[in-house]
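This is model-v3.pdb. It holds PDB, C-alpha atoms and all ligand atoms.
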```
ATOM      1  CA  MET A  28     -16.649 -20.617 -23.089
ATOM      2  CA  THR A  29     -15.522 -17.021 -23.398
ATOM      3  CA  GLU A  30     -11.839 -16.936 -24.050
ATOM      4  CA  ILE A  31     -10.547 -13.530 -23.049
ATOM      5  CA  LEU A  32     -11.588 -11.159 -20.266
ATOM      6  CA  VAL A  33     -10.985  -7.423 -20.499
ATOM      7  CA  ALA A  34     -11.787  -5.912 -17.079
ATOM      8  CA  TYR A  35     -11.626  -2.262 -16.109
ATOM      9  CA  ALA A  36     -11.966  -0.023 -13.061
ATOM     10  CA  THR A  37     -13.182   3.489 -13.703
ATOM     11  CA  LYS A  38     -14.884   6.460 -12.132
ATOM     12  CA  MET A  39     -15.552   8.704 -15.116
ATOM     13  CA  SER A  40     -15.749   6.064 -17.906
ATOM     14  CA  GLY A  41     -12.490   7.003 -19.638
ATOM     15  CA  THR A  42     -10.843   3.700 -18.724
ATOM     16  CA  LYS A  43     -13.976   1.774 -19.648
ATOM     17  CA  GLU A  44     -13.786   3.206 -23.163
ATOM     18  CA  ILE A  45     -10.126   2.187 -23.392
ATOM     19  CA  ALA A  46     -11.075  -1.341 -22.286
ATOM     20  CA  GLU A  47     -13.779  -1.444 -24.958
ATOM     21  CA  ALA A  48     -11.314  -0.349 -27.654
ATOM     22  CA  ILE A  49      -8.846  -3.024 -26.522
ATOM     23  CA  ALA A  50     -11.595  -5.647 -26.566
ATOM     24  CA  GLU A  51     -12.671  -4.614 -30.054
ATOM     25  CA  ARG A  52      -9.125  -4.951 -31.369
ATOM     26  CA  ILE A  53      -8.630  -8.381 -29.806
ATOM     27  CA  ARG A  54     -12.058  -9.484 -31.014
ATOM     28  CA  SER A  55     -11.218  -8.555 -34.580
ATOM     29  CA  ALA A  56      -8.387 -11.092 -34.391
ATOM     30  CA  ALA A  57     -11.089 -13.766 -33.960
ATOM     31  CA  HIS A  58     -10.990 -14.160 -30.218
ATOM     32  CA  GLU A  59     -14.048 -14.230 -28.041
ATOM     33  CA  VAL A  60     -13.845 -11.329 -25.631
ATOM     34  CA  THR A  61     -15.940 -10.278 -22.634
ATOM     35  CA  VAL A  62     -15.665  -6.752 -21.211
ATOM     36  CA  LEU A  63     -16.601  -6.329 -17.552
ATOM     37  CA  ASP A  64     -16.348  -3.834 -14.744
ATOM     38  CA  ALA A  65     -13.727  -5.280 -12.370
ATOM     39  CA  ALA A  66     -16.284  -5.041  -9.566
ATOM     40  CA  GLU A  67     -18.464  -7.585 -11.411
ATOM     41  CA  VAL A  68     -15.748 -10.207 -11.793
ATOM     42  CA  ARG A  69     -16.066 -12.919  -9.159
ATOM     43  CA  THR A  70     -13.494 -15.250 -10.676
ATOM     44  CA  VAL A  71     -11.294 -15.347 -13.759
ATOM     45  CA  ALA A  72     -11.607 -19.147 -13.916
ATOM     46  CA  PRO A  73     -13.676 -19.171 -17.158
ATOM     47  CA  TYR A  74     -11.126 -17.125 -19.104
ATOM     48  CA  LYS A  75      -7.937 -18.267 -20.738
ATOM     49  CA  ALA A  76      -6.314 -14.820 -20.658
ATOM     50  CA  VAL A  77      -6.998 -11.539 -18.870
ATOM     51  CA  VAL A  78      -6.437  -7.854 -19.589
ATOM     52  CA  LEU A  79      -7.002  -5.591 -16.587
ATOM     53  CA  GLY A  80      -6.881  -1.815 -16.473
ATOM     54  CA  SER A  81      -7.526   0.828 -13.852
ATOM     55  CA  ALA A  82      -7.860   4.575 -13.747
ATOM     56  CA  LEU A  83      -5.194   6.291 -11.623
ATOM     57  CA  TYR A  84      -6.324   8.504  -8.760
ATOM     58  CA  ALA A  85      -3.760  10.083  -6.452
ATOM     59  CA  GLY A  86      -1.215   7.539  -7.656
ATOM     60  CA  ARG A  87      -3.461   4.609  -6.814
ATOM     61  CA  TRP A  88      -5.448   2.023  -8.681
ATOM     62  CA  ARG A  89      -9.167   1.810  -8.069
ATOM     63  CA  PRO A  90      -9.844  -0.660  -5.242
ATOM     64  CA  GLU A  91     -12.005  -2.986  -7.332
ATOM     65  CA  ALA A  92      -9.083  -3.583  -9.732
ATOM     66  CA  VAL A  93      -6.674  -4.294  -6.870
ATOM     67  CA  LYS A  94      -9.239  -6.649  -5.333
ATOM     68  CA  LEU A  95      -9.583  -8.552  -8.587
ATOM     69  CA  LEU A  96      -5.810  -8.998  -8.769
ATOM     70  CA  LYS A  97      -5.547 -10.045  -5.142
ATOM     71  CA  ARG A  98      -8.474 -12.457  -5.016
ATOM     72  CA  ASN A  99      -7.543 -14.142  -8.284
ATOM     73  CA  ALA A 100      -3.762 -14.091  -7.915
ATOM     74  CA  ASP A 101      -3.395 -17.876  -8.074
ATOM     75  CA  LEU A 102      -5.612 -18.246 -11.151
ATOM     76  CA  LEU A 103      -3.983 -15.262 -12.831
ATOM     77  CA  ALA A 104      -0.535 -16.745 -12.247
ATOM     78  CA  ARG A 105      -1.566 -19.620 -14.545
ATOM     79  CA  ARG A 106      -2.841 -17.371 -17.359
ATOM     80  CA  PRO A 107      -1.360 -14.712 -19.606
ATOM     81  CA  VAL A 108      -2.198 -11.338 -18.038
ATOM     82  CA  TRP A 109      -1.712  -7.812 -19.375
ATOM     83  CA  LEU A 110      -2.127  -4.743 -17.187
ATOM     84  CA  PHE A 111      -2.634  -1.089 -18.024
ATOM     85  CA  HIS A 112      -3.551   2.121 -16.284
ATOM     86  CA  SER A 113      -4.900   5.408 -17.521
ATOM     87  CA  GLY A 114      -4.347   8.814 -16.029
ATOM     88  CA  PRO A 115      -1.661  11.231 -17.170
ATOM     89  CA  LEU A 116      -3.004  14.506 -18.490
ATOM     90  CA  GLY A 117      -1.076  16.711 -20.868
ATOM     91  CA  ALA A 118       0.544  16.373 -24.255
ATOM     92  CA  GLU A 119       3.597  14.635 -22.841
ATOM     93  CA  GLN A 120       2.741  11.111 -21.775
ATOM     94  CA  VAL A 121       5.041  10.040 -18.985
ATOM     95  CA  PRO A 122       4.728   6.342 -18.117
ATOM     96  CA  GLN A 123       3.415   6.028 -14.574
ATOM     97  CA  ARG A 124       4.865   3.590 -12.077
ATOM     98  CA  ALA A 125       2.168   1.342 -10.665
ATOM     99  CA  PRO A 126       1.462   1.617  -6.940
ATOM    100  CA  HIS A 127       3.599  -0.651  -4.775
ATOM    101  CA  LYS A 128       0.779  -3.137  -4.072
ATOM    102  CA  VAL A 129       0.001  -3.517  -7.775
ATOM    103  CA  ARG A 130       3.671  -4.030  -8.636
ATOM    104  CA  GLU A 131       3.896  -6.685  -5.953
ATOM    105  CA  LEU A 132       0.817  -8.480  -7.277
ATOM    106  CA  ALA A 133       1.988  -8.167 -10.891
ATOM    107  CA  ALA A 134       5.292  -9.798  -9.940
ATOM    108  CA  ARG A 135       3.454 -12.555  -8.092
ATOM    109  CA  ILE A 136       1.301 -13.429 -11.082
ATOM    110  CA  GLY A 137       4.158 -13.040 -13.555
ATOM    111  CA  ALA A 138       2.673 -10.064 -15.425
ATOM    112  CA  GLU A 139       4.657  -7.131 -16.715
ATOM    113  CA  GLU A 140       4.166  -3.771 -15.048
ATOM    114  CA  PRO A 141       1.197  -1.860 -16.436
ATOM    115  CA  ALA A 142       1.295   0.044 -19.698
ATOM    116  CA  THR A 143       0.395   3.717 -19.253
ATOM    117  CA  PHE A 144      -2.236   5.427 -21.359
ATOM    118  CA  GLY A 145      -3.209   9.074 -21.137
ATOM    119  CA  GLY A 146      -6.374  10.044 -19.310
ATOM    120  CA  ARG A 147      -9.302  12.372 -19.792
ATOM    121  CA  ILE A 148     -10.752  15.243 -17.816
ATOM    122  CA  THR A 149     -13.519  17.188 -19.513
ATOM    123  CA  PRO A 150     -16.413  19.247 -18.142
ATOM    124  CA  GLU A 151     -18.924  16.830 -19.743
ATOM    125  CA  THR A 152     -17.509  13.738 -18.041
ATOM    126  CA  ALA A 153     -16.005  15.010 -14.770
ATOM    127  CA  VAL A 154     -17.360  13.409 -11.598
ATOM    128  CA  GLY A 155     -16.720  15.052  -8.229
ATOM    129  CA  PHE A 156     -15.559  18.436  -7.023
ATOM    130  CA  LEU A 157     -11.849  18.050  -7.801
ATOM    131  CA  ALA A 158     -12.407  16.589 -11.250
ATOM    132  CA  LYS A 159     -14.872  19.346 -12.113
ATOM    133  CA  ARG A 160     -12.349  21.944 -11.067
ATOM    134  CA  MET A 161      -9.559  20.248 -13.034
ATOM    135  CA  ALA A 162     -11.898  20.073 -16.041
ATOM    136  CA  THR A 163     -11.825  23.845 -16.391
ATOM    137  CA  GLY A 164      -8.081  24.109 -15.748
ATOM    138  CA  PRO A 165      -5.043  24.012 -18.019
ATOM    139  CA  MET A 166      -4.714  20.212 -17.963
ATOM    140  CA  ALA A 167      -8.262  19.557 -19.132
ATOM    141  CA  GLY A 168      -8.698  17.473 -22.246
ATOM    142  CA  ASP A 169      -8.770  13.982 -23.655
ATOM    143  CA  TYR A 170      -5.231  12.611 -23.772
ATOM    144  CA  ARG A 171      -6.096   9.025 -24.603
ATOM    145  CA  ASP A 172      -3.886   7.988 -27.534
ATOM    146  CA  TRP A 173      -6.098   5.600 -29.488
ATOM    147  CA  GLU A 174      -3.279   4.612 -31.840
ATOM    148  CA  ALA A 175      -1.055   3.584 -28.933
ATOM    149  CA  ILE A 176      -3.974   1.709 -27.345
ATOM    150  CA  GLU A 177      -4.733  -0.084 -30.634
ATOM    151  CA  LEU A 178      -1.116  -1.053 -31.091
ATOM    152  CA  TRP A 179      -0.867  -2.424 -27.560
ATOM    153  CA  ALA A 180      -4.062  -4.455 -28.067
ATOM    154  CA  TYR A 181      -2.875  -5.654 -31.454
ATOM    155  CA  ARG A 182       0.283  -7.068 -29.880
ATOM    156  CA  ILE A 183      -1.828  -8.889 -27.308
ATOM    157  CA  ALA A 184      -4.015 -10.344 -30.066
ATOM    158  CA  GLN A 185      -0.909 -11.555 -31.900
ATOM    159  CA  GLN A 186       0.476 -13.221 -28.790
ATOM    160  CA  LEU A 187      -2.861 -14.930 -28.214
ATOM    161  CA  VAL A 188      -2.902 -16.228 -31.774
ATOM    162  CA  ALA A 189       0.631 -17.566 -31.352
ATOM    163  CA  ALA A 190      -0.408 -19.326 -28.115
ATOM    164  CA  ARG A 191      -3.394 -21.108 -29.683
TER     165      ARG A 191
HETATM  166  C1  LIG B 201      -8.834  13.767  -8.059
HETATM  167  C2  LIG B 201      -8.044  13.215  -9.217
HETATM  168  C3  LIG B 201      -6.811  12.618  -9.004
HETATM  169  C4  LIG B 201      -6.062  12.113 -10.074
HETATM  170  N1  LIG B 201      -4.846  11.536  -9.828
HETATM  171  C5  LIG B 201      -4.113  11.063 -10.886
HETATM  172  C6  LIG B 201      -2.838  10.460 -10.656
HETATM  173  O1  LIG B 201      -2.374  10.305  -9.535
HETATM  174  N2  LIG B 201      -2.129  10.040 -11.729
HETATM  175  C7  LIG B 201      -2.592  10.171 -13.008
HETATM  176  O2  LIG B 201      -1.896   9.793 -13.936
HETATM  177  N3  LIG B 201      -3.818  10.718 -13.245
HETATM  178  C8  LIG B 201      -4.574  11.165 -12.214
HETATM  179  N4  LIG B 201      -5.819  11.717 -12.457
HETATM  180  C9  LIG B 201      -6.350  11.772 -13.810
HETATM  181  C10 LIG B 201      -7.307  10.599 -14.056
HETATM  182  O3  LIG B 201      -6.653   9.383 -13.868
HETATM  183  C11 LIG B 201      -7.850  10.672 -15.498
HETATM  184  O4  LIG B 201      -8.781  11.701 -15.556
HETATM  185  C12 LIG B 201      -8.468   9.358 -15.965
HETATM  186  O5  LIG B 201      -8.747   9.433 -17.337
HETATM  187  C13 LIG B 201      -9.706   9.011 -15.165
HETATM  188  O6  LIG B 201     -10.146   7.742 -15.574
HETATM  189  P1  LIG B 201     -11.669   7.319 -15.528
HETATM  190  O7  LIG B 201     -12.422   8.240 -16.478
HETATM  191  O8  LIG B 201     -11.666   5.913 -16.028
HETATM  192  O9  LIG B 201     -12.154   7.435 -14.133
HETATM  193  C14 LIG B 201      -6.576  12.215 -11.397
HETATM  194  C15 LIG B 201      -7.837  12.801 -11.607
HETATM  195  C16 LIG B 201      -8.570  13.310 -10.539
HETATM  196  C17 LIG B 201      -9.916  13.914 -10.797
END
```
How does the structure come out when it is put into structure tokens?
Amino acid sequence: MTEILVAYATKMSGTKEIAEAIAERIRSAAHEVTVLDAAEVRTVAPYKAVVLGSALYAGRWRPEAVKLLKRNADLLARRPVWLFHSGPLGAEQVPQRAPHKVRELAARIGAEEPATFGGRITPETAVGFLAKRMATGPMAGDYRDWEAIELWAYRIAQQLVAAR
């Protein structure tokens, strides 16, 4: 049985790469980890703990991540759950408040509010008119802080070891 699920919701792959880095860190602490697109997760029943992250668009989570939370709320309430979102662009990383619905669901399942990680907008990866325009603007760049992501994942791995 796979022990830990790391699920992500993304449009331009930036959040997927964060999820993969988190999974790698948790895996190196000798946990079995599966990484899946949130849209592919039917149930979290097989997993003993869940990490879920979404890209932020116009202050919202991607619908597939919200759906996962909503559909699995009862199962998630009985498991350790960590949430994150990725979005802010610019050198200064301001933690983003989760959308109301996500905060409500997080409270219901007993998870902390999501950690915020910087996002990425680059001409090579931009998808859609707005993103392509932003990718040539002053906020363009890759603001994902891999050290902060590693540290966050490391803390999760430690908590999972302690809970064994
Ligand atoms: C149209 C559009 C709207 C966005 N809205 C937000 C936002 O509300 N908050 C935020 O922090 N980032 C916002 N971003 C930045 C994205 O969240 C960032 O580029 C992120 O890395 C995208 O993740 P993905 O590559 O996983 O899709 C927006 C980007 C675009 C293109």
Next on the checklist: Around ligand LIG 201 (chain B), which protein and nucleic acid residues have at least one atom no more than 6 Å from it, if we count only C-alpha atoms and all ligand atoms? List them as a PyMOL selection string.
Outcome noted: chain A and resi 37-43+82-86+113-115+146-148+157-158
Next on the checklist: So, with all atoms listed in the file as the atoms that count, which of A:Val77, A:Ala189, A:Ile136, A:Val154 lies closest to Asp101 in chain A?
Outcome noted: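 Between A:Val77, A:Ala189, A:Ile136, A:Val154, the residue approaching Asp101 in chain A most closely is A:Ile136.
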Next on the checklist: When you look at Val108 in chain A with a cut-off of 8 Å (counting all atoms listed in the file), what residues show up, excluding the ones that are within fewer than 3 positions of it in the same chain? I need them as a list in words.
Outcome noted: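 What passes the distance filter is Ala76, Val77, Val78, Leu79, Leu103, Gly137 and Ala138 of chain A.
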Checklist entry - Care to translate the PyMOL selection byres (((chain A and resi 170) around 8) and not hetatm) into actual residues of this file, as number ranges by chain? => result A: 115-118, 145-147, 168-169, 171-172
Item to check | Long-range neighbours of Ala34 in chain A as a ChimeraX atom specification, 7 Å cut-off, all atoms listed in the file, 2 positions minimum in chain | outcome: /A:32,46,62-65,78-80
Take the residues from that selection and put them in a file with C-alpha atoms, as a PDB file, keeping the file's coordinate frame.
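Full text of again_11.pdb as output:
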```pdb
ATOM      1  CA  LEU A  32     -11.588 -11.159 -20.266  1.00  0.00           C
ATOM      2  CA  ALA A  46     -11.075  -1.341 -22.286  1.00  0.00           C
ATOM      3  CA  VAL A  62     -15.665  -6.752 -21.211  1.00  0.00           C
ATOM      4  CA  LEU A  63     -16.601  -6.329 -17.552  1.00  0.00           C
ATOM      5  CA  ASP A  64     -16.348  -3.834 -14.744  1.00  0.00           C
ATOM      6  CA  ALA A  65     -13.727  -5.280 -12.370  1.00  0.00           C
ATOM      7  CA  VAL A  78      -6.437  -7.854 -19.589  1.00  0.00           C
ATOM      8  CA  LEU A  79      -7.002  -5.591 -16.587  1.00  0.00           C
ATOM      9  CA  GLY A  80      -6.881  -1.815 -16.473  1.00  0.00           C
TER      10      GLY A  80
END
```
Item to check | Hits of the PyMOL selection byres (((chain A and resi 124) around 10) and not hetatm) in this structure, as number ranges by chain | outcome: A: 86-87, 112, 121-123, 125-127, 129-130, 140-143
Checklist entry - If you measure from CA of Lys97 in chain A to CA of Ala153 in chain A, what distance in Å do you get, rounded to one decimal? => result 28.8 Å
Just say which residues the PyMOL selection byres (((chain A and resi 58) around 10) and not hetatm) picks in this file, as a tab-separated table (two decimals) with C-alpha atoms, in the frame of the given file.
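Contents of result-v8.tsv, freshly written:
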```
chain	number	residue	atom	x	y	z
A	29	THR	CA	-15.52	-17.02	-23.40
A	30	GLU	CA	-11.84	-16.94	-24.05
A	31	ILE	CA	-10.55	-13.53	-23.05
A	50	ALA	CA	-11.60	-5.65	-26.57
A	51	GLU	CA	-12.67	-4.61	-30.05
A	52	ARG	CA	-9.12	-4.95	-31.37
A	53	ILE	CA	-8.63	-8.38	-29.81
A	54	ARG	CA	-12.06	-9.48	-31.01
A	55	SER	CA	-11.22	-8.56	-34.58
A	56	ALA	CA	-8.39	-11.09	-34.39
A	57	ALA	CA	-11.09	-13.77	-33.96
A	59	GLU	CA	-14.05	-14.23	-28.04
A	60	VAL	CA	-13.84	-11.33	-25.63
A	61	THR	CA	-15.94	-10.28	-22.63
A	184	ALA	CA	-4.01	-10.34	-30.07
A	187	LEU	CA	-2.86	-14.93	-28.21
A	188	VAL	CA	-2.90	-16.23	-31.77
```
Next on the checklist: As an exercise, work out the distance from CA of Glu119 in chain A to CA of Met166 in chain A in Å and give it to one decimal place.
Outcome noted: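 For CA of Glu119 in chain A relative to CA of Met166 in chain A, the distance reads 11.1 Å.
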Next on the checklist: Could you check the closest approach to Arg89 in chain A for each of A:Ile45, A:Tyr74, A:Val68, A:Tyr35 and tell me which residue wins, using all atoms listed in the file?
Outcome noted: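 Of all the options, A:Tyr35 lies closest to Arg89 in chain A.
Between CA of Leu132 in chain A and CA of Ala180 in chain A lies a distance of 21.7 Å.
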Item to check | Radius query 10 Å about (-2.7, -11.4, -6.2), atoms used: all atoms listed in the file, as a VMD selection string | outcome: chain A and resid 93 to 104 128 to 129 131 to 136
Restrict the selected residues to C-alpha atoms and save them as a compact mmCIF listing (two decimals), in the coordinates of the input.
```txt
# COMPACT_ATOMS: atom_id res chain seq x y z
CA VAL A 93 -6.67 -4.29 -6.87
CA LYS A 94 -9.24 -6.65 -5.33
CA LEU A 95 -9.58 -8.55 -8.59
CA LEU A 96 -5.81 -9.00 -8.77
CA LYS A 97 -5.55 -10.04 -5.14
CA ARG A 98 -8.47 -12.46 -5.02
CA ASN A 99 -7.54 -14.14 -8.28
CA ALA A 100 -3.76 -14.09 -7.92
CA ASP A 101 -3.40 -17.88 -8.07
CA LEU A 102 -5.61 -18.25 -11.15
CA LEU A 103 -3.98 -15.26 -12.83
CA ALA A 104 -0.54 -16.74 -12.25
CA LYS A 128 0.78 -3.14 -4.07
CA VAL A 129 0.00 -3.52 -7.78
CA GLU A 131 3.90 -6.68 -5.95
CA LEU A 132 0.82 -8.48 -7.28
CA ALA A 133 1.99 -8.17 -10.89
CA ALA A 134 5.29 -9.80 -9.94
CA ARG A 135 3.45 -12.56 -8.09
CA ILE A 136 1.30 -13.43 -11.08
```
Next on the checklist: Ranking A:Trp88, A:Ala36, A:Arg106, A:Ser81 by minimum distance to Glu67 in chain A and counting all atoms listed in the file, which one comes first?
Outcome noted: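 Nearest candidate to Glu67 in chain A out of A:Trp88, A:Ala36, A:Arg106, A:Ser81: A:Ala36.
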Checklist entry - Between A:Glu139, A:Glu151, A:Glu177, A:Glu91, which is the closest to Ala48 in chain A once you count all atoms listed in the file? => result A:Glu177
Item to check | Among listed residues A:Phe111, A:Glu174, A:Ala167, A:Phe144, nearest Val33 in chain A (using all atoms listed in the file) | outcome: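 Nearest candidate to Val33 in chain A out of A:Phe111, A:Glu174, A:Ala167, A:Phe144: A:Phe111.
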